[in-house]
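A quick write-up on the structure given underneath.
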Protein chains: 2
Amino acid sequence: MRAVDLIRKKRDSGEHSREEIDFLTSGYTRGEIPDYQMAAWLMAVWIRGLNRSELASLTEAMLYSGEVLDLSRIPGKKVDKHSTGGVGDKTSLILAPIIAAGGLTVPMISGRGLGHTGGTLDKLESIPGFNVNLSLEEFRNVLHDCGLGLIGQTAEIAPADKKIYALRDATSTVENIGLICASIMSKKLAEGIDALVLDVKTGSGAFMKCEEDSVRLAELMVETGKRMGKKVVALITDMNQPLGRMAGHSNEVIECIEVLSGRGPADLRELSLELSAWMFFLGERTKSVDEGRVLAQSLIASGHALERFRHCIRLQGGDDHFVEKPQLLPRARSHLDVLSSASGFISATNCEQFGIALATLGGGREKKEDTIDHAVGLEFHKRIGDRVEKGEPLVTIHYNSGAKLAEAQSLIVASYEIGEVAPSERLPLIRRIIGA
Amino acid sequence: MRAVDLIRKKRDSGEHSREEIDFLTSGYTRGEIPDYQMAAWLMAVWIRGLNRSELASLTEAMLYSGEVLDLSRIPGKKVDKHSTGGVGDKTSLILAPIIAAGGLTVPMISGRGLGHTGGTLDKLESIPGFNVNLSLEEFRNVLHDCGLGLIGQTAEIAPADKKIYALRDATSTVENIGLICASIMSKKLAEGIDALVLDVKTGSGAFMKCEEDSVRLAELMVETGKRMGKKVVALITDMNQPLGRMAGHSNEVIECIEVLSGRGPADLRELSLELSAWMFFLGERTKSVDEGRVLAQSLIASGHALERFRHCIRLQGGDDHFVEKPQLLPRARSHLDVLSSASGFISATNCEQFGIALATLGGGREKKEDTIDHAVGLEFHKRIGDRVEKGEPLVTIHYNSGAKLAEAQSLIVASYEIGEVAPSERLPLIRRIIGA
């Protein structure tokens, strides 16, 4: 078998066998197939696509390029959630403690933020001392002791995905639902989980702007997971405006503590409960999703979920006193209100631009090497459908350096559409459920 | 400007500006853009295509990546011919001496054979001592002294093409008419010529199997050349069977000497005269193509063309005594007749397979690094439309090693289609003329 012939086959819209996909994936991971051949193949795949069977082969080849976590010494079901990312999307830090408090195990291997989206690891690193770089053995110990663990991708987990993703990033072959699906599912299935709930975002702040694309990706991921014997459900959820009131690392951690304390914004509470409910149901902790929702609510009300989070933070080296003293987290030195220039009703937001504004202030990355300012953040005062008066604050910017403040401010102002009449209906937060 | 954005643009069927093409071509040639980004871009180009203006930009960027030969100290017009390649396609060695004998200059920079096609340089190297690796200064001196010179691509000539071609070969992005056109035209225009005659092959022994594809490539090359101020014409010529009676290096050189001596097979004579006629006309040596044909015939008849070839051979270090003593050329030790297994009329040949059979015997390359046996060859006894009797020889194989003889033999047998009735019409050798 020769890589050049397989490139030609995909270029000419041919279908790869499992052996061919294995040859390419393992050859590339071992360094026997050079970057340039993989790059040509990825572009051919991007344009010509992968069918269901090729996709399953690629996902498995990437999954088995590394270690699949052995959690057999931890009793009970292991479940996880994956989100395709957005602005203010912070549910992982809420869900994992709830589910662990409910008796299941959540071995969460997460990523960092890139572009306009935040990443779970970056948020956690705003907690003083919190270590996301555990070895797999340390990770297993944390999971055993508190039922949840939150780490980054290690060298053992899906090395093929790590290498291929870096190449896709440099060759404009990222945004393809087949490649996205294989990348996500290979990493998640390497966690050794029994069930997975997918939060597929849709709207102006998501990678997938239109619902049809989000549904296609969701269906593909659900099918791929089920084909491999896992319970998988995907929720298509709204990302036409930020989730919750806060974006930015410290600010989001604080908002998560609020929800775990029974407070916090309604949309974030709703989505967290819904995702928890599905995790409990798929993890066979409850007989129905409704029961799962009730269980999640009770674990918040009793304080068990928050206590579980504090336990995990301590086990991973973090200082959990910030729960009582938020000033222990990095805080921005200055703030500025962005005022509305018109009176009316918020009819839409270009939500991605909020993420870019945050990155502009130092709270995000353009390139992987960039460092992050955990303190900067955006506080959103209005939601779509809300009435706003001219001169009323839309957003409060929390910033450290004024250097790019004007740029961020104008991105934010331009992101709001304000109309004269209230929108006739509000789009539901949870649009569809795929695979139930 | 960033390569990753330009890859994305072409991936999404966008149109590149001249500056963007320059950025990619010169950046890649200088080593600033890595192989993997160029590979992804080439695959996007292969699938999405290049429009006329992008193609002109790419051709110029590749042309000016190196030196354009300065032949100003040699008086008169400089003309050349380029063929897209086939089996037994040996006209360069006939045309160049004819045109030089007619008073024009032919600065011919040629390639080597790859796959099923032969290359001019390999044929020349079957002449003892002949040196195709002249410096550009030595090349200019040879051109000055005898009006023709025959060398390989030097490091100074279109280095971008050299680097891009090697990458295309490894990434299955060769067979694209835009990329083929840019590659051919950048090299040919670097010869500093005034006019170019293109011999675009069509049929079972050509890269382009169907006439429409050949015409499209021809039109593209003619337009690209004219846009850059050159006189260019393309002849679409038949490659459904070998040109002449001989394939293989020494054998083809001998056949060329026959044509230059006023003998040789009719098809090879016809095509050589026709290409010469167009070269004389475009080089403004004659007022019409018909006059050009008459001039070429007279230069053969007078012996001037052959004498000019011998002069060039001596200037490039070769021993021209093989003209009287063909046994000075490498000769195969053995021969074998491939016999017809049926009586009837030759209705078609799978001509590419003859080239592959020759390569199998050692007379061609699969990879660039392979060495070549100049002595092996195929001698064709029958042409399409000819009557053949069962047991009559179709081809004589001249070989040195019996190792792959059976394989070559069965390729040859399988390449002939023999029918019961004579084909109603013979396809003309010269199908169309583009750009006249």
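Naming scheme: A, B, ... for chains in displayed order of the structure tokens; residues 1 onward per chain; ligands 1 onward as shown.
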- Message: Just want the 9 Å neighbourhood of segment 191-201 of chain A, counted on only C-alpha atoms, with same-chain residues fewer than 2 positions away dropped. Output as a PyMOL selection string.
- Response: chain A and resi 67-72+77-86+105-109+157+187-189+203+205-209+211+214-215+217-218+221-222+225+229-239+275-276+278-279+282-283
- Give as an MDAnalysis selection string every residue of chain B that touches chain A within 8 Å, counting only C-alpha atoms. chainID B and resid 4:5 7:8 11 35:44 47 170:173
- Message: I'd like the contact shell of Thr154 of chain B - 10 Å cut-off, only C-alpha atoms, skipping same-chain residues fewer than 3 positions apart - returned as a PyMOL selection string.
- Response: chain B and resi 66-67+109+133-136+151+157-159+162
Selection file, N, CA and C atoms, as a PDB file, in the first residue's frame:
```pdb
ATOM      1  N   GLY B  66      13.422  31.766 -11.397  1.00  0.00           N
ATOM      2  CA  GLY B  66      14.811  31.512 -11.788  1.00  0.00           C
ATOM      3  C   GLY B  66      15.223  32.437 -12.921  1.00  0.00           C
ATOM      4  N   GLU B  67      16.206  31.952 -13.657  1.00  0.00           N
ATOM      5  CA  GLU B  67      16.798  32.757 -14.707  1.00  0.00           C
ATOM      6  C   GLU B  67      16.048  32.553 -16.022  1.00  0.00           C
ATOM      7  N   ILE B 109      15.579  22.630 -23.802  1.00  0.00           N
ATOM      8  CA  ILE B 109      15.799  22.108 -22.452  1.00  0.00           C
ATOM      9  C   ILE B 109      14.734  21.038 -22.224  1.00  0.00           C
ATOM     10  N   ASN B 133      24.403  17.630 -19.409  1.00  0.00           N
ATOM     11  CA  ASN B 133      24.491  18.490 -18.222  1.00  0.00           C
ATOM     12  C   ASN B 133      25.451  19.653 -18.449  1.00  0.00           C
ATOM     13  N   LEU B 134      25.149  20.483 -19.435  1.00  0.00           N
ATOM     14  CA  LEU B 134      25.993  21.649 -19.673  1.00  0.00           C
ATOM     15  C   LEU B 134      25.583  22.770 -18.727  1.00  0.00           C
ATOM     16  N   SER B 135      26.550  23.655 -18.421  1.00  0.00           N
ATOM     17  CA  SER B 135      26.176  24.884 -17.728  1.00  0.00           C
ATOM     18  C   SER B 135      25.454  25.778 -18.744  1.00  0.00           C
ATOM     19  N   LEU B 136      24.761  26.788 -18.247  1.00  0.00           N
ATOM     20  CA  LEU B 136      24.049  27.675 -19.180  1.00  0.00           C
ATOM     21  C   LEU B 136      25.025  28.380 -20.116  1.00  0.00           C
ATOM     22  N   ILE B 151      19.845  20.055 -23.606  1.00  0.00           N
ATOM     23  CA  ILE B 151      20.296  19.843 -22.231  1.00  0.00           C
ATOM     24  C   ILE B 151      19.115  19.577 -21.307  1.00  0.00           C
ATOM     25  N   ILE B 157      17.016  27.231 -13.939  1.00  0.00           N
ATOM     26  CA  ILE B 157      15.789  27.307 -14.738  1.00  0.00           C
ATOM     27  C   ILE B 157      14.584  26.921 -13.890  1.00  0.00           C
ATOM     28  N   ALA B 158      13.671  27.837 -13.712  1.00  0.00           N
ATOM     29  CA  ALA B 158      12.395  27.607 -13.025  1.00  0.00           C
ATOM     30  C   ALA B 158      12.529  26.706 -11.790  1.00  0.00           C
ATOM     31  N   PRO B 159      13.328  27.117 -10.796  1.00  0.00           N
ATOM     32  CA  PRO B 159      13.484  26.270  -9.601  1.00  0.00           C
ATOM     33  C   PRO B 159      12.152  26.011  -8.887  1.00  0.00           C
ATOM     34  N   LYS B 162      10.639  22.973 -10.396  1.00  0.00           N
ATOM     35  CA  LYS B 162      11.348  21.754  -9.998  1.00  0.00           C
ATOM     36  C   LYS B 162      10.868  21.292  -8.621  1.00  0.00           C
TER      37      LYS B 162
END
```
- Choose the residue, out of A:Ile254, A:Asp213, A:Val142, A:Arg383, that has the smallest atom-to-atom separation from Glu175 of chain A; count only C-alpha atoms.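 Closest to Glu175 of chain A of all the choices is A:Asp213.
Neighbours of Ser261 of chain B closer than or equal to 7 Å, with only C-alpha atoms counted and sequence neighbours fewer than 3 positions away skipped, come out as Ile257, Glu258, Ile300, Gly303 and Leu306 of chain B.
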